[in-house]
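> There's a structure below that I have some questions on.
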Amino acid sequence: MTVPFELVARGKVREVYAVDDRLLLVASDRISAYDAVLPTPIPDKGRVLTALSVWWFDQLSPVLAEHGAGHHLLAAGNALLPEGVPAELAGRAMLVRRLEMLPVECVARGYLSGSGTSAYQRSGAIVDVPLPAGLVEGSRLPEPVFTPSTKAEVGEHDEAIPFAGVVEAVGAEQAEALRSLTLALYRRGAEIAEQAGIVLADTKFEFGTAGSPSLVLGDEVLTPDSSRFWPAITWSPGAPQPSFDKQYVRDWLTTSGWDRVSPAPELPEDVVAATRDRYVRAYEQLTGEPWS
Ligand code: Q0Z
């Protein structure tokens, strides 16, 4: 497929194109696991994640407005996109305001998991954020915490930084605004997810600036690719929680004999189908709307 726009950024599973002074964010059906992009696409994944982001931007608008902030979404959906967007991108593309992106990842955590658990086990804290004793992988934190990270180069992992690092990067006033807004967005997102039987363990937001409002929520929001979603019914701290979306893929890869270094193997049909179903179910469970 040829997209008649200039490619300006490419991630593991998404692309960004320039459309005049705006950007087109395109989500593919590619899936990553254990740091690798798998050779087998998950049908509809790109459309589901795009629809989820669009839905969340709308859900989170009041929180953004309370903070004098906005979001970058201009249009999504076939009819609303500019001329020249290929039909194959229908449903997988968001037209957004081009922002001056801030050089920090704004991570909020309401539960202990992954690199947060590793840091906590080493030091009782996540960088400069102390946590109470006795927490285990999957524990709910007493309060959500802001644990920012650097934006890693391609192939590297984001690295957690202290709040002072955010101050250094964007100034004290904007750093405070990022922390406050990140935590408010996380709290609202987690509340909505909880009502739908989903634990939003943690998430990563990216913000940019534009004329006004000065802070603008960008990128994708509260998708399974930017967040940890756990089914609430199986939540049981003390061990890694099953992922809402990727658990079948991880389980199959683990039993496949793949060494996590060589190119990943093709997924079997039943794993693809079960995983597609998980994405669709996440959409339906969160939004209360049927996927169609
Ligand atoms: C976000 C990224 C992706 C690879 C650029 N509104 C914006 N204004 C300026 N820049 C961006 C945005 Cl969203 C921007 N990324 C991250 C997204 C693939 C990298 F889809 N890159």
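Here's how to read the names in the structure tokens: chain A, B, ... by the order shown, residue numbers from 1 in each chain, ligand numbers from 1 in the order shown.
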So that each row is one residue of chain A with an atom at most 8 Å from ligand 1, can you give its shortest atom pair and the distance in Å to one decimal, using only C-alpha atoms and all ligand atoms, rows by chain and rising number, as CSV?


```
residue,atom,partner,partner_atom_place_in_ligand_line,distance
A:Val8,CA,ligand 1,5 (C),7.5
A:Ala9,CA,ligand 1,4 (C),4.8
A:Arg10,CA,ligand 1,4 (C),4.2
A:Gly11,CA,ligand 1,4 (C),3.8
A:Lys12,CA,ligand 1,18 (C),7.4
A:Val13,CA,ligand 1,18 (C),7.3
A:Arg14,CA,ligand 1,20 (F),4.3
A:Glu15,CA,ligand 1,18 (C),4.3
A:Val16,CA,ligand 1,20 (F),4.9
A:Arg22,CA,ligand 1,8 (N),7.8
A:Leu23,CA,ligand 1,6 (N),6.5
A:Leu25,CA,ligand 1,20 (F),5.0
A:Val26,CA,ligand 1,20 (F),6.0
A:Ala27,CA,ligand 1,20 (F),6.6
A:His72,CA,ligand 1,6 (N),5.5
A:Leu73,CA,ligand 1,6 (N),7.9
A:Val96,CA,ligand 1,6 (N),5.4
A:Arg97,CA,ligand 1,6 (N),5.0
A:Arg98,CA,ligand 1,8 (N),3.6
A:Leu99,CA,ligand 1,8 (N),3.6
A:Glu100,CA,ligand 1,9 (C),5.7
A:Met101,CA,ligand 1,9 (C),5.6
A:Glu206,CA,ligand 1,1 (C),7.9
A:Gly208,CA,ligand 1,8 (N),6.8
A:Gly218,CA,ligand 1,13 (Cl),4.9
A:Asp219,CA,ligand 1,13 (Cl),4.0
A:Glu220,CA,ligand 1,13 (Cl),7.5
```

> Could you build a table of the residues in segment 26-116 of chain A lying no more than 7 Å from segment 127-148 of chain A, giving for each the nearest pair of atoms and their separation in Å rounded to one decimal place, using only C-alpha atoms, ordered by chain and ascending residue number, as a Markdown table?


```
| residue | atom | partner | partner_atom | distance |
| --- | --- | --- | --- | --- |
| A:Val104 | CA | A:Pro148 | CA | 6.7 |
| A:Glu105 | CA | A:Pro148 | CA | 5.6 |
| A:Cys106 | CA | A:Pro148 | CA | 4.8 |
| A:Val107 | CA | A:Pro148 | CA | 5.0 |
| A:Ala108 | CA | A:Phe146 | CA | 4.7 |
| A:Arg109 | CA | A:Val145 | CA | 5.4 |
| A:Gly110 | CA | A:Pro144 | CA | 4.2 |
| A:Tyr111 | CA | A:Arg140 | CA | 4.3 |
| A:Leu112 | CA | A:Gly138 | CA | 5.1 |
| A:Ser113 | CA | A:Glu137 | CA | 5.3 |
```

> Please, could you write that set of residues out with C-alpha atoms as a short mmCIF file (atom, residue, chain, number, x, y, z; two decimals), in the first residue's frame?


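Okay, selection.cif is ready:
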```
data_model
loop_
_atom_site.label_atom_id
_atom_site.label_comp_id
_atom_site.auth_asym_id
_atom_site.auth_seq_id
_atom_site.Cartn_x
_atom_site.Cartn_y
_atom_site.Cartn_z
CA VAL A 104 9.44 12.90 28.78
CA GLU A 105 7.11 9.93 29.05
CA CYS A 106 4.43 10.64 31.65
CA VAL A 107 3.83 7.33 33.41
CA ALA A 108 1.14 6.85 36.04
CA ARG A 109 0.91 3.69 38.11
CA GLY A 110 -1.93 2.60 40.34
CA TYR A 111 -0.58 -0.95 40.73
CA LEU A 112 2.91 -2.34 41.11
CA SER A 113 4.14 -4.22 38.06
#
```

> Can you pull out the residues contacting segment 58-70 of chain A? Cut-off 12 Å, using only C-alpha atoms, and skip same-chain residues under 5 positions away; I want them as a PyMOL selection string.

chain A and resi 51-53+75+96-97+99+174+176-193+207-218+221-222+286-287

> Could you turn the residues from that selection into a file that holds N, CA and C atoms, as a short mmCIF file (atom, residue, chain, number, x, y, z; two decimals), in the first residue's frame?


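Full text of result_8.cif as output:
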```
data_model
loop_
_atom_site.label_atom_id
_atom_site.label_comp_id
_atom_site.auth_asym_id
_atom_site.auth_seq_id
_atom_site.Cartn_x
_atom_site.Cartn_y
_atom_site.Cartn_z
N ALA A 51 -9.85 3.15 17.60
CA ALA A 51 -11.19 3.46 18.13
C ALA A 51 -11.13 3.68 19.64
N LEU A 52 -10.29 2.92 20.32
CA LEU A 52 -10.16 3.10 21.78
C LEU A 52 -9.55 4.45 22.11
N SER A 53 -8.49 4.81 21.41
CA SER A 53 -7.88 6.13 21.65
C SER A 53 -8.88 7.25 21.42
N ALA A 75 -9.48 14.57 13.81
CA ALA A 75 -10.48 13.78 13.08
C ALA A 75 -10.04 12.33 13.03
N VAL A 96 -4.19 14.46 13.55
CA VAL A 96 -3.92 15.16 14.82
C VAL A 96 -3.18 16.48 14.59
N ARG A 97 -3.29 17.34 15.59
CA ARG A 97 -2.49 18.59 15.57
C ARG A 97 -1.03 18.22 15.73
N LEU A 99 2.32 18.84 17.28
CA LEU A 99 2.74 19.48 18.52
C LEU A 99 4.25 19.53 18.60
N GLN A 174 5.88 23.59 34.28
CA GLN A 174 5.32 22.60 33.38
C GLN A 174 5.44 21.17 33.97
N GLU A 176 5.22 20.37 37.16
CA GLU A 176 4.11 20.23 38.11
C GLU A 176 2.80 20.01 37.37
N ALA A 177 2.62 20.71 36.28
CA ALA A 177 1.39 20.57 35.48
C ALA A 177 1.29 19.17 34.89
N LEU A 178 2.42 18.64 34.41
CA LEU A 178 2.44 17.29 33.83
C LEU A 178 2.08 16.25 34.89
N ARG A 179 2.66 16.38 36.07
CA ARG A 179 2.38 15.41 37.13
C ARG A 179 0.91 15.46 37.53
N SER A 180 0.41 16.64 37.74
CA SER A 180 -0.97 16.80 38.19
C SER A 180 -1.95 16.27 37.12
N LEU A 181 -1.71 16.62 35.87
CA LEU A 181 -2.60 16.19 34.78
C LEU A 181 -2.49 14.69 34.54
N THR A 182 -1.28 14.17 34.56
CA THR A 182 -1.08 12.72 34.37
C THR A 182 -1.85 11.93 35.42
N LEU A 183 -1.75 12.35 36.68
CA LEU A 183 -2.43 11.62 37.75
C LEU A 183 -3.95 11.77 37.65
N ALA A 184 -4.40 12.95 37.26
CA ALA A 184 -5.86 13.16 37.11
C ALA A 184 -6.41 12.31 35.95
N LEU A 185 -5.68 12.24 34.86
CA LEU A 185 -6.11 11.43 33.70
C LEU A 185 -6.10 9.95 34.07
N TYR A 186 -5.06 9.53 34.77
CA TYR A 186 -4.98 8.13 35.19
C TYR A 186 -6.16 7.79 36.12
N ARG A 187 -6.40 8.64 37.09
CA ARG A 187 -7.49 8.36 38.05
C ARG A 187 -8.82 8.20 37.33
N ARG A 188 -9.10 9.10 36.42
CA ARG A 188 -10.38 9.02 35.68
C ARG A 188 -10.41 7.79 34.78
N GLY A 189 -9.32 7.51 34.10
CA GLY A 189 -9.25 6.33 33.24
C GLY A 189 -9.42 5.05 34.03
N ALA A 190 -8.77 4.97 35.19
CA ALA A 190 -8.84 3.76 36.02
C ALA A 190 -10.24 3.58 36.58
N GLU A 191 -10.89 4.69 36.91
CA GLU A 191 -12.26 4.63 37.43
C GLU A 191 -13.22 4.09 36.34
N ILE A 192 -13.07 4.59 35.13
CA ILE A 192 -13.91 4.13 34.01
C ILE A 192 -13.63 2.66 33.72
N ALA A 193 -12.35 2.30 33.71
CA ALA A 193 -11.98 0.90 33.43
C ALA A 193 -12.51 -0.02 34.53
N PHE A 207 2.73 14.21 26.12
CA PHE A 207 2.16 15.54 25.96
C PHE A 207 3.03 16.37 25.04
N GLY A 208 2.38 17.35 24.44
CA GLY A 208 3.10 18.32 23.65
C GLY A 208 2.57 19.69 23.95
N THR A 209 3.17 20.65 23.32
CA THR A 209 2.66 22.02 23.45
C THR A 209 2.30 22.53 22.07
N ALA A 210 1.36 23.44 22.07
CA ALA A 210 0.95 24.13 20.85
C ALA A 210 0.52 25.49 21.34
N GLY A 211 0.17 26.39 20.46
CA GLY A 211 -0.22 27.74 20.87
C GLY A 211 -1.04 27.75 22.15
N SER A 212 -2.27 27.26 22.07
CA SER A 212 -3.17 27.31 23.21
C SER A 212 -4.31 26.31 22.97
N PRO A 213 -4.69 25.46 23.93
CA PRO A 213 -4.11 25.41 25.26
C PRO A 213 -2.67 24.91 25.19
N SER A 214 -1.89 25.34 26.16
CA SER A 214 -0.45 25.10 26.00
C SER A 214 -0.09 23.64 26.19
N LEU A 215 -0.74 22.92 27.13
CA LEU A 215 -0.45 21.49 27.28
C LEU A 215 -1.49 20.70 26.50
N VAL A 216 -1.00 19.80 25.65
CA VAL A 216 -1.91 19.04 24.79
C VAL A 216 -1.56 17.56 24.92
N LEU A 217 -2.57 16.75 25.22
CA LEU A 217 -2.39 15.29 25.29
C LEU A 217 -2.27 14.75 23.88
N GLY A 218 -1.17 14.04 23.61
CA GLY A 218 -0.92 13.55 22.25
C GLY A 218 -0.89 12.04 22.18
N VAL A 221 -3.93 7.00 23.56
CA VAL A 221 -4.23 7.07 25.00
C VAL A 221 -4.98 5.85 25.50
N LEU A 222 -4.47 5.34 26.61
CA LEU A 222 -5.12 4.25 27.34
C LEU A 222 -5.50 3.08 26.44
N LEU A 286 -15.04 -1.88 27.61
CA LEU A 286 -14.76 -0.51 28.07
C LEU A 286 -15.83 0.46 27.59
N THR A 287 -16.15 0.40 26.31
CA THR A 287 -17.03 1.43 25.73
C THR A 287 -18.49 1.10 25.91
#
```

> Please provide as an NGL selection string all residues within 12 Å of Pro224 of chain A, with the sequence filter that same-chain residues fewer than 3 positions apart are discarded (counting only C-alpha atoms).

:A and (31-32 or 45-46 or 48-50 or 52-53 or 193 or 198-204 or 220-221 or 227-230 or 243-247 or 275 or 278-283 or 286)

> Under the rule that only C-alpha atoms are counted, which of A:Val85, A:Val167, A:Ala33, A:Ile233 is the nearest residue to Ala18 of chain A?

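So, comparing all the options, the nearest one is A:Val85.
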
> Would you give me, as a PyMOL selection string, the residues in segment 91-181 of chain A that DSSP reads as strand (DSSP E)?

chain A and resi 93-97+100-101+104-111+125-126+129-130+140-146+149-150

> In Å to one decimal, how far is atom CA of Ser149 of chain A from atom CA of Pro162 of chain A?

8.1 Å

> So, with only C-alpha atoms as the atoms that count, which of A:Thr2, A:Thr255, A:Ser262, A:Ser292 lies closest to Pro86 of chain A?

A:Thr2

> Which residue out of A:Arg92, A:Gly84, A:Gly114, A:Gly197 has the minimum interatomic distance to Pro43 of chain A when only C-alpha atoms are used?

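Counting only C-alpha atoms, the residue closest to Pro43 of chain A is A:Arg92.
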
> Just the number, please: distance in Å from atom CA of Ala239 of chain A to atom CA of Ala196 of chain A, one decimal.

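That distance, rounded to one decimal, is 22.8 Å.
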
> For the helix (DSSP H, G or I) assignment from backbone DSSP, which residues of segment 49-104 of chain A qualify? Please present them as a ChimeraX atom specification.

/A:49-66,78-80,87-89
